[in-house]
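*Asks:* Next up is a structure, given as structure tokens.
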Amino acid sequence: MKPERNYKMLVLLNITIIFIFYSYISNAQNTRGMVLEISKKPLAGVSVFINRTGIGTTTNEYGEFQLNYLTEKNRNDTIIFSSVGYASKMITFSDLKENGFIVLLAEKIELLDEVTILSDRKLNLQVAY
């Protein structure tokens, strides 16, 4: 009789966990958007993540992404968009429109002040000016 009771308690516990998880997911809204270059070309592989959480995604080959996170209690959280060679951008959820949005990332051009070359053997270098 006791193993049957334990089985029923385990089933009840699983149903409760599923119900709690489903109620949380159903309260979250999908946030969709697109990341483009300034020239309006889609950017693939852009990191899209929510600041100070472990939640994030990347854009597909069309620059599109989707996050299932937005609820009323986290409307002030910040989404960060970053990609190599582009300036990062931060947007709060409260700035978003209901039906999606477009983020434009500008190229980030930095010049190096100096370059250091290291070698483990002697090189005979000739430089022409």
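Just remember, in the structure tokens the first chain shown is A, the second B, etc., residues are 1-based per chain, and ligands are 1-based in the order shown.
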Would you list the contacts of Gly85 of chain A as a PDB file with N, CA, C and O atoms, in the first residue's frame, taking every protein, DNA or RNA residue within 12 Å and counting only C-alpha atoms, but skipping same-chain residues closer than 3 positions in sequence?
*Replies:*
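Dumped everything to part-v7.pdb:
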```
ATOM      1  N   GLU A  37      21.795  46.301 -40.187  1.00  0.00           N
ATOM      2  CA  GLU A  37      22.870  47.273 -40.297  1.00  0.00           C
ATOM      3  C   GLU A  37      22.243  48.621 -40.630  1.00  0.00           C
ATOM      4  O   GLU A  37      21.060  48.702 -40.971  1.00  0.00           O
ATOM      5  N   LEU A  43      21.373  41.422 -39.989  1.00  0.00           N
ATOM      6  CA  LEU A  43      22.588  40.946 -39.330  1.00  0.00           C
ATOM      7  C   LEU A  43      22.323  39.600 -38.669  1.00  0.00           C
ATOM      8  O   LEU A  43      21.489  39.495 -37.775  1.00  0.00           O
ATOM      9  N   GLY A  45      23.553  36.302 -36.391  1.00  0.00           N
ATOM     10  CA  GLY A  45      24.476  35.972 -35.318  1.00  0.00           C
ATOM     11  C   GLY A  45      24.676  37.052 -34.267  1.00  0.00           C
ATOM     12  O   GLY A  45      25.612  36.979 -33.487  1.00  0.00           O
ATOM     13  N   VAL A  46      23.785  38.033 -34.214  1.00  0.00           N
ATOM     14  CA  VAL A  46      23.876  39.074 -33.194  1.00  0.00           C
ATOM     15  C   VAL A  46      23.395  38.489 -31.861  1.00  0.00           C
ATOM     16  O   VAL A  46      22.358  37.835 -31.806  1.00  0.00           O
ATOM     17  N   SER A  82      24.579  42.862 -29.248  1.00  0.00           N
ATOM     18  CA  SER A  82      26.016  43.019 -29.492  1.00  0.00           C
ATOM     19  C   SER A  82      26.483  42.047 -30.565  1.00  0.00           C
ATOM     20  O   SER A  82      25.967  40.934 -30.687  1.00  0.00           O
ATOM     21  N   SER A  88      27.523  48.111 -29.571  1.00  0.00           N
ATOM     22  CA  SER A  88      26.416  47.496 -28.827  1.00  0.00           C
ATOM     23  C   SER A  88      25.305  48.522 -28.602  1.00  0.00           C
ATOM     24  O   SER A  88      25.547  49.723 -28.565  1.00  0.00           O
ATOM     25  N   LEU A 105      22.184  48.565 -35.896  1.00  0.00           N
ATOM     26  CA  LEU A 105      23.520  48.575 -35.302  1.00  0.00           C
ATOM     27  C   LEU A 105      24.493  49.240 -36.269  1.00  0.00           C
ATOM     28  O   LEU A 105      24.502  48.927 -37.467  1.00  0.00           O
ATOM     29  N   ALA A 106      25.287  50.162 -35.747  1.00  0.00           N
ATOM     30  CA  ALA A 106      26.286  50.858 -36.557  1.00  0.00           C
ATOM     31  C   ALA A 106      27.627  50.143 -36.428  1.00  0.00           C
ATOM     32  O   ALA A 106      27.945  49.575 -35.378  1.00  0.00           O
ATOM     33  N   GLU A 107      28.411  50.195 -37.501  1.00  0.00           N
ATOM     34  CA  GLU A 107      29.744  49.606 -37.457  1.00  0.00           C
ATOM     35  C   GLU A 107      30.603  50.353 -36.450  1.00  0.00           C
ATOM     36  O   GLU A 107      30.480  51.561 -36.286  1.00  0.00           O
ATOM     37  N   LYS A 108      31.444  49.602 -35.772  1.00  0.00           N
ATOM     38  CA  LYS A 108      32.343  50.181 -34.776  1.00  0.00           C
ATOM     39  C   LYS A 108      33.754  50.098 -35.334  1.00  0.00           C
ATOM     40  O   LYS A 108      34.314  49.009 -35.466  1.00  0.00           O
ATOM     41  N   ILE A 109      34.288  51.246 -35.682  1.00  0.00           N
ATOM     42  CA  ILE A 109      35.624  51.291 -36.276  1.00  0.00           C
ATOM     43  C   ILE A 109      36.582  51.880 -35.249  1.00  0.00           C
ATOM     44  O   ILE A 109      36.388  52.997 -34.775  1.00  0.00           O
ATOM     45  N   GLU A 110      37.578  51.102 -34.897  1.00  0.00           N
ATOM     46  CA  GLU A 110      38.592  51.553 -33.955  1.00  0.00           C
ATOM     47  C   GLU A 110      39.958  51.385 -34.590  1.00  0.00           C
ATOM     48  O   GLU A 110      40.246  50.360 -35.211  1.00  0.00           O
TER      49      GLU A 110
END
```
*Asks:* So how many Å separate atom CA of Val35 of chain A and atom CA of Glu64 of chain A, to one decimal?
*Replies:*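 Here the two named atoms are 6.5 Å from each other.
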*Asks:* I need the residue nearest Arg52 of chain A from this list: A:Ile79, A:Leu10, A:Ala87, A:Leu67. Use only C-alpha atoms for the distance.
*Replies:*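 Residue with the minimum atom-to-atom distance to Arg52 of chain A: A:Ile79.
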*Asks:* Measure the distance from atom CA of Thr53 of chain A to atom CA of Thr92 of chain A in Å and round it to one decimal.
*Replies:*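 Between atom CA of Thr53 of chain A and atom CA of Thr92 of chain A the gap is 13.9 Å.
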